[in-house]
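Data block below; observations after.
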Amino acid sequence: MNACIRAVVRTALYNKLLVTGIQQGYQGMISNQFLDMNSRSVSNIIQQGGTILKTARCLEFQTEEGRALAYNNIKAAGIDALVGIGGDGTFRGIEVFSREYDIPVVGIPGTIDNDLHGSDFTLGFDTACNTVIEAIDKIRDTAASHDRLFFVEVMGRDSGCIALNAGIAGGAEAILLPETDTAIDQLIIQLESAAQGKKSSTIVIIAEGDQNGGAYNVAKRVKDKFNFYDTKVTILGHLQRGGSPSSFDRVLASRFGYAAVNLLLEGKTRQIVGIRGNQIQHMDISESVNTKAFKLADDMIEISRILAI
């Protein structure tokens, strides 16, 4: 998000616009947490994870009274257009806000889950995958040395994008996803096949939203079947959400921020920017929030199965 903030600020300044940063997201609109920004405000942040503007959940913004207060505050601060960076909640917030108060808005997809309609990739997804892959590589060393069966849980309550991509890149023997129904019996068959193939290590990647429950639950249900393995569970958790962004994410963030400002300069509003086939595109924000995110590619799921033999 910092790389994107940097791109928005500097593209706006290049076009002779004044820029105000809103700290703590929608909460900052309600509590008047505004910050005048210049080119130096975003120096040396492109390599930083997280967001220098901070973020916070805001239940008050979900009420008409809260949004009215937010609108009065931003008008008093001289803000006449908004760029929102975030996931589904962010998009739904600016969508209803722009309908009620007719203020120009553009949304930029920023979520590690990669689960927003309108963009092949969202900010943070590539970085999160790289973090998971690095962890898998290190776990593989221990698994191979000690004949251990590792269950690694990654983020993805409703989306298996991280699990599938990182699982393929990390050479996982099995991947459990929210989008697919992998029964425990089926998983056991896959693990038995890996054992018969005399694999020196076995790693199962589990998205936290998988129907079988989290990694601890899955491990417990299969452990008795493989008493020759030393079974271990690793929950990667929130380390996936931090860290220095990848080159891909930095470039994508820069392209998104640049595109968002130019959409506003062209008089376009209620849009989200996205990338499709390496081309920056945009669509109506209501279409994005009211359309189920694209499903996982069937060929990727098939690849994960074939390459695990």
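Naming works like this for the structure tokens: A, B, ... for the chains as they're shown, residue 1 at the start of each chain, ligands 1 onward in shown order.
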Within 8 Å of region 108-113 of chain A using only C-alpha atoms, minus same-chain residues under 5 positions, as a short mmCIF file (atom, residue, chain, number, x, y, z; two decimals) with N, CA and C atoms, in the first residue's frame:
data_model
loop_
_atom_site.label_atom_id
_atom_site.label_comp_id
_atom_site.auth_asym_id
_atom_site.auth_seq_id
_atom_site.Cartn_x
_atom_site.Cartn_y
_atom_site.Cartn_z
N MET A 1 0.82 -1.21 0.00
CA MET A 1 0.00 0.00 0.00
C MET A 1 0.85 1.26 0.00
N VAL A 83 -9.44 8.51 -3.12
CA VAL A 83 -8.86 7.27 -3.63
C VAL A 83 -8.78 6.31 -2.45
N GLY A 84 -9.49 5.18 -2.55
CA GLY A 84 -9.50 4.20 -1.47
C GLY A 84 -8.72 2.96 -1.85
N ILE A 85 -7.79 2.55 -1.00
CA ILE A 85 -6.98 1.36 -1.26
C ILE A 85 -7.38 0.29 -0.25
N GLY A 86 -7.81 -0.87 -0.73
CA GLY A 86 -8.19 -1.91 0.22
C GLY A 86 -8.95 -3.04 -0.44
N GLY A 87 -9.67 -3.78 0.38
CA GLY A 87 -10.40 -4.94 -0.09
C GLY A 87 -11.89 -4.68 -0.21
N SER A 119 -9.83 -7.58 -11.21
CA SER A 119 -8.38 -7.53 -11.35
C SER A 119 -7.80 -8.92 -11.21
N THR A 122 -4.23 -8.48 -6.96
CA THR A 122 -4.44 -7.39 -6.01
C THR A 122 -3.12 -7.10 -5.29
N LEU A 123 -2.98 -5.88 -4.80
CA LEU A 123 -1.74 -5.50 -4.13
C LEU A 123 -1.52 -6.35 -2.89
N GLY A 124 -0.32 -6.86 -2.75
CA GLY A 124 0.05 -7.66 -1.59
C GLY A 124 0.02 -9.15 -1.83
N PHE A 125 -0.71 -9.60 -2.85
CA PHE A 125 -0.83 -11.04 -3.11
C PHE A 125 0.52 -11.66 -3.46
N ASP A 126 1.25 -11.04 -4.37
CA ASP A 126 2.53 -11.61 -4.78
C ASP A 126 3.52 -11.65 -3.62
N THR A 127 3.54 -10.59 -2.83
CA THR A 127 4.44 -10.54 -1.68
C THR A 127 4.09 -11.62 -0.68
N ALA A 128 2.80 -11.80 -0.41
CA ALA A 128 2.37 -12.84 0.53
C ALA A 128 2.76 -14.22 0.04
N MET A 155 -3.10 -18.09 5.00
CA MET A 155 -4.31 -17.27 5.02
C MET A 155 -5.16 -17.51 3.78
N GLY A 156 -6.44 -17.28 3.93
CA GLY A 156 -7.39 -17.49 2.84
C GLY A 156 -8.69 -18.03 3.38
N SER A 159 -10.75 -17.54 0.05
CA SER A 159 -10.01 -17.67 -1.21
C SER A 159 -8.79 -18.56 -1.02
N GLY A 160 -8.60 -19.47 -1.98
CA GLY A 160 -7.44 -20.36 -1.92
C GLY A 160 -6.30 -19.92 -2.80
N CYS A 161 -6.30 -18.65 -3.22
CA CYS A 161 -5.27 -18.17 -4.16
C CYS A 161 -3.87 -18.32 -3.60
N ILE A 162 -3.66 -17.90 -2.35
CA ILE A 162 -2.32 -18.00 -1.76
C ILE A 162 -1.92 -19.46 -1.64
N ARG A 241 1.20 -11.02 6.05
CA ARG A 241 0.66 -9.70 5.73
C ARG A 241 1.70 -8.59 5.78
N PHE A 256 -1.24 1.21 -10.51
CA PHE A 256 -2.59 1.44 -9.99
C PHE A 256 -2.77 2.88 -9.51
N GLY A 257 -1.79 3.38 -8.74
CA GLY A 257 -1.90 4.73 -8.21
C GLY A 257 -1.94 5.77 -9.31
N ALA A 260 -5.36 5.59 -11.07
CA ALA A 260 -6.46 6.11 -10.26
C ALA A 260 -6.56 7.63 -10.35
N ILE A 272 -13.11 1.19 -10.13
CA ILE A 272 -11.93 0.56 -9.54
C ILE A 272 -10.93 0.33 -10.66
N VAL A 273 -9.66 0.41 -10.33
CA VAL A 273 -8.65 0.06 -11.31
C VAL A 273 -8.26 -1.40 -11.09
N GLY A 274 -7.81 -2.05 -12.15
CA GLY A 274 -7.40 -3.43 -12.06
C GLY A 274 -6.46 -3.76 -13.19
#
Could you give me, as an mmCIF file with N, CA and C atoms, in the first residue's frame, the residues within 10 Å of Asn44 (chain A), counting only C-alpha atoms and dropping anything in the same chain fewer than 2 positions from it?
data_model
loop_
_atom_site.group_PDB
_atom_site.id
_atom_site.type_symbol
_atom_site.label_atom_id
_atom_site.label_comp_id
_atom_site.auth_asym_id
_atom_site.auth_seq_id
_atom_site.Cartn_x
_atom_site.Cartn_y
_atom_site.Cartn_z
ATOM 1 N N ASN A 2 2.027 1.217 0.629
ATOM 2 C CA ASN A 2 2.873 2.414 0.644
ATOM 3 C C ASN A 2 3.338 2.798 -0.753
ATOM 4 N N ALA A 3 3.693 1.797 -1.555
ATOM 5 C CA ALA A 3 4.100 2.093 -2.928
ATOM 6 C C ALA A 3 2.947 2.740 -3.692
ATOM 7 N N ARG A 6 2.444 6.365 -2.487
ATOM 8 C CA ARG A 6 3.498 7.167 -3.121
ATOM 9 C C ARG A 6 3.104 7.540 -4.547
ATOM 10 N N ARG A 40 7.865 14.864 -0.465
ATOM 11 C CA ARG A 40 8.745 14.310 0.555
ATOM 12 C C ARG A 40 7.978 13.482 1.585
ATOM 13 N N SER A 41 6.671 13.645 1.650
ATOM 14 C CA SER A 41 5.870 12.851 2.586
ATOM 15 C C SER A 41 5.922 11.365 2.259
ATOM 16 N N VAL A 42 6.224 11.065 1.009
ATOM 17 C CA VAL A 42 6.225 9.663 0.580
ATOM 18 C C VAL A 42 7.622 9.195 0.175
ATOM 19 N N ILE A 46 8.608 3.183 -0.438
ATOM 20 C CA ILE A 46 8.229 2.187 -1.442
ATOM 21 C C ILE A 46 8.631 0.779 -1.027
ATOM 22 N N GLN A 47 9.646 0.660 -0.185
ATOM 23 C CA GLN A 47 10.131 -0.654 0.236
ATOM 24 C C GLN A 47 9.498 -1.125 1.545
ATOM 25 N N GLN A 48 8.637 -0.304 2.134
ATOM 26 C CA GLN A 48 8.050 -0.637 3.429
ATOM 27 C C GLN A 48 6.713 -1.359 3.276
#
Shell around region 32-39 of chain A at 12 Å using only C-alpha atoms, local window under 6 positions removed, as number ranges by chain: A: 5-14, 16-26, 45, 52-55, 69-79
Please produce a file of those selected residues containing N, CA and C atoms, as a compact mmCIF listing (two decimals), in the first residue's frame.
# COMPACT_ATOMS: atom_id res chain seq x y z
N ILE A 5 0.39 4.52 -2.27
CA ILE A 5 0.22 5.87 -1.73
C ILE A 5 1.22 6.82 -2.38
N ARG A 6 2.44 6.37 -2.49
CA ARG A 6 3.50 7.17 -3.12
C ARG A 6 3.10 7.54 -4.55
N ALA A 7 2.58 6.57 -5.30
CA ALA A 7 2.22 6.83 -6.70
C ALA A 7 1.05 7.81 -6.80
N VAL A 8 0.07 7.67 -5.93
CA VAL A 8 -1.08 8.58 -5.93
C VAL A 8 -0.63 10.00 -5.62
N VAL A 9 0.15 10.13 -4.57
CA VAL A 9 0.59 11.47 -4.14
C VAL A 9 1.41 12.15 -5.24
N ARG A 10 2.38 11.46 -5.78
CA ARG A 10 3.27 12.11 -6.75
C ARG A 10 2.60 12.33 -8.10
N THR A 11 1.70 11.44 -8.50
CA THR A 11 0.97 11.68 -9.75
C THR A 11 0.04 12.88 -9.59
N ALA A 12 -0.60 12.99 -8.44
CA ALA A 12 -1.47 14.14 -8.19
C ALA A 12 -0.67 15.44 -8.15
N LEU A 13 0.46 15.43 -7.46
CA LEU A 13 1.28 16.64 -7.38
C LEU A 13 1.81 17.05 -8.75
N TYR A 14 2.17 16.07 -9.56
CA TYR A 14 2.65 16.35 -10.92
C TYR A 14 1.59 17.09 -11.72
N LYS A 16 -0.52 19.20 -10.47
CA LYS A 16 -0.83 20.44 -9.77
C LYS A 16 -2.03 20.32 -8.83
N LEU A 17 -2.22 19.16 -8.25
CA LEU A 17 -3.31 18.95 -7.30
C LEU A 17 -2.77 18.98 -5.87
N LEU A 18 -3.61 19.35 -4.95
CA LEU A 18 -3.27 19.26 -3.53
C LEU A 18 -3.67 17.88 -3.03
N VAL A 19 -2.88 17.33 -2.13
CA VAL A 19 -3.14 15.97 -1.65
C VAL A 19 -3.26 15.96 -0.14
N THR A 20 -4.30 15.31 0.34
CA THR A 20 -4.51 15.13 1.77
C THR A 20 -4.54 13.64 2.09
N GLY A 21 -3.72 13.22 3.02
CA GLY A 21 -3.76 11.84 3.47
C GLY A 21 -4.75 11.69 4.61
N ILE A 22 -5.53 10.64 4.58
CA ILE A 22 -6.49 10.36 5.65
C ILE A 22 -5.95 9.20 6.48
N GLN A 23 -5.63 9.49 7.72
CA GLN A 23 -5.07 8.47 8.59
C GLN A 23 -6.18 7.62 9.21
N GLN A 24 -5.88 6.34 9.40
CA GLN A 24 -6.83 5.39 10.01
C GLN A 24 -8.08 5.15 9.17
N GLY A 25 -7.98 5.33 7.86
CA GLY A 25 -9.08 4.98 6.97
C GLY A 25 -10.37 5.74 7.25
N TYR A 26 -11.50 5.03 7.23
CA TYR A 26 -12.80 5.68 7.44
C TYR A 26 -12.90 6.29 8.84
N ILE A 45 9.45 5.15 1.24
CA ILE A 45 8.41 4.26 1.75
C ILE A 45 8.09 3.12 0.78
N ILE A 52 1.78 3.77 5.79
CA ILE A 52 2.16 4.89 6.66
C ILE A 52 0.93 5.66 7.14
N LEU A 53 -0.18 5.52 6.45
CA LEU A 53 -1.40 6.23 6.86
C LEU A 53 -2.19 5.46 7.91
N LYS A 54 -1.79 4.22 8.17
CA LYS A 54 -2.48 3.35 9.12
C LYS A 54 -3.88 3.02 8.62
N THR A 55 -4.49 2.07 9.30
CA THR A 55 -5.85 1.67 8.92
C THR A 55 -6.57 1.18 10.16
N LEU A 69 -21.21 12.56 9.06
CA LEU A 69 -20.14 13.26 9.78
C LEU A 69 -18.86 13.22 8.96
N ALA A 70 -18.56 12.07 8.37
CA ALA A 70 -17.36 11.94 7.54
C ALA A 70 -17.40 12.91 6.37
N TYR A 71 -18.55 13.01 5.72
CA TYR A 71 -18.68 13.91 4.57
C TYR A 71 -18.47 15.36 4.99
N ASN A 72 -19.09 15.77 6.07
CA ASN A 72 -18.92 17.15 6.54
C ASN A 72 -17.47 17.45 6.87
N ASN A 73 -16.78 16.47 7.43
CA ASN A 73 -15.39 16.68 7.80
C ASN A 73 -14.48 16.81 6.58
N ILE A 74 -14.69 15.94 5.58
CA ILE A 74 -13.80 16.02 4.42
C ILE A 74 -14.09 17.27 3.58
N LYS A 75 -15.34 17.71 3.56
CA LYS A 75 -15.65 18.95 2.83
C LYS A 75 -15.02 20.14 3.53
N ALA A 76 -15.06 20.13 4.84
CA ALA A 76 -14.43 21.21 5.61
C ALA A 76 -12.92 21.22 5.41
N ALA A 77 -12.35 20.06 5.14
CA ALA A 77 -10.91 19.96 4.92
C ALA A 77 -10.53 20.26 3.47
N GLY A 78 -11.52 20.52 2.62
CA GLY A 78 -11.26 20.85 1.22
C GLY A 78 -11.02 19.64 0.33
N ILE A 79 -11.40 18.47 0.79
CA ILE A 79 -11.22 17.24 0.01
C ILE A 79 -12.40 17.08 -0.94
Alpha helix (DSSP H) residues, from DSSP on the backbone, in region 90-187 of chain A, as an NGL selection string: :A and (90-101 or 125-146 or 161-169 or 184-187)
Within 10 Å of region 296-302 of chain A using only C-alpha atoms, minus same-chain residues under 3 positions, as a ChimeraX atom specification: /A:115,159-161,164-165,168,175,177,179-180,293,305-307
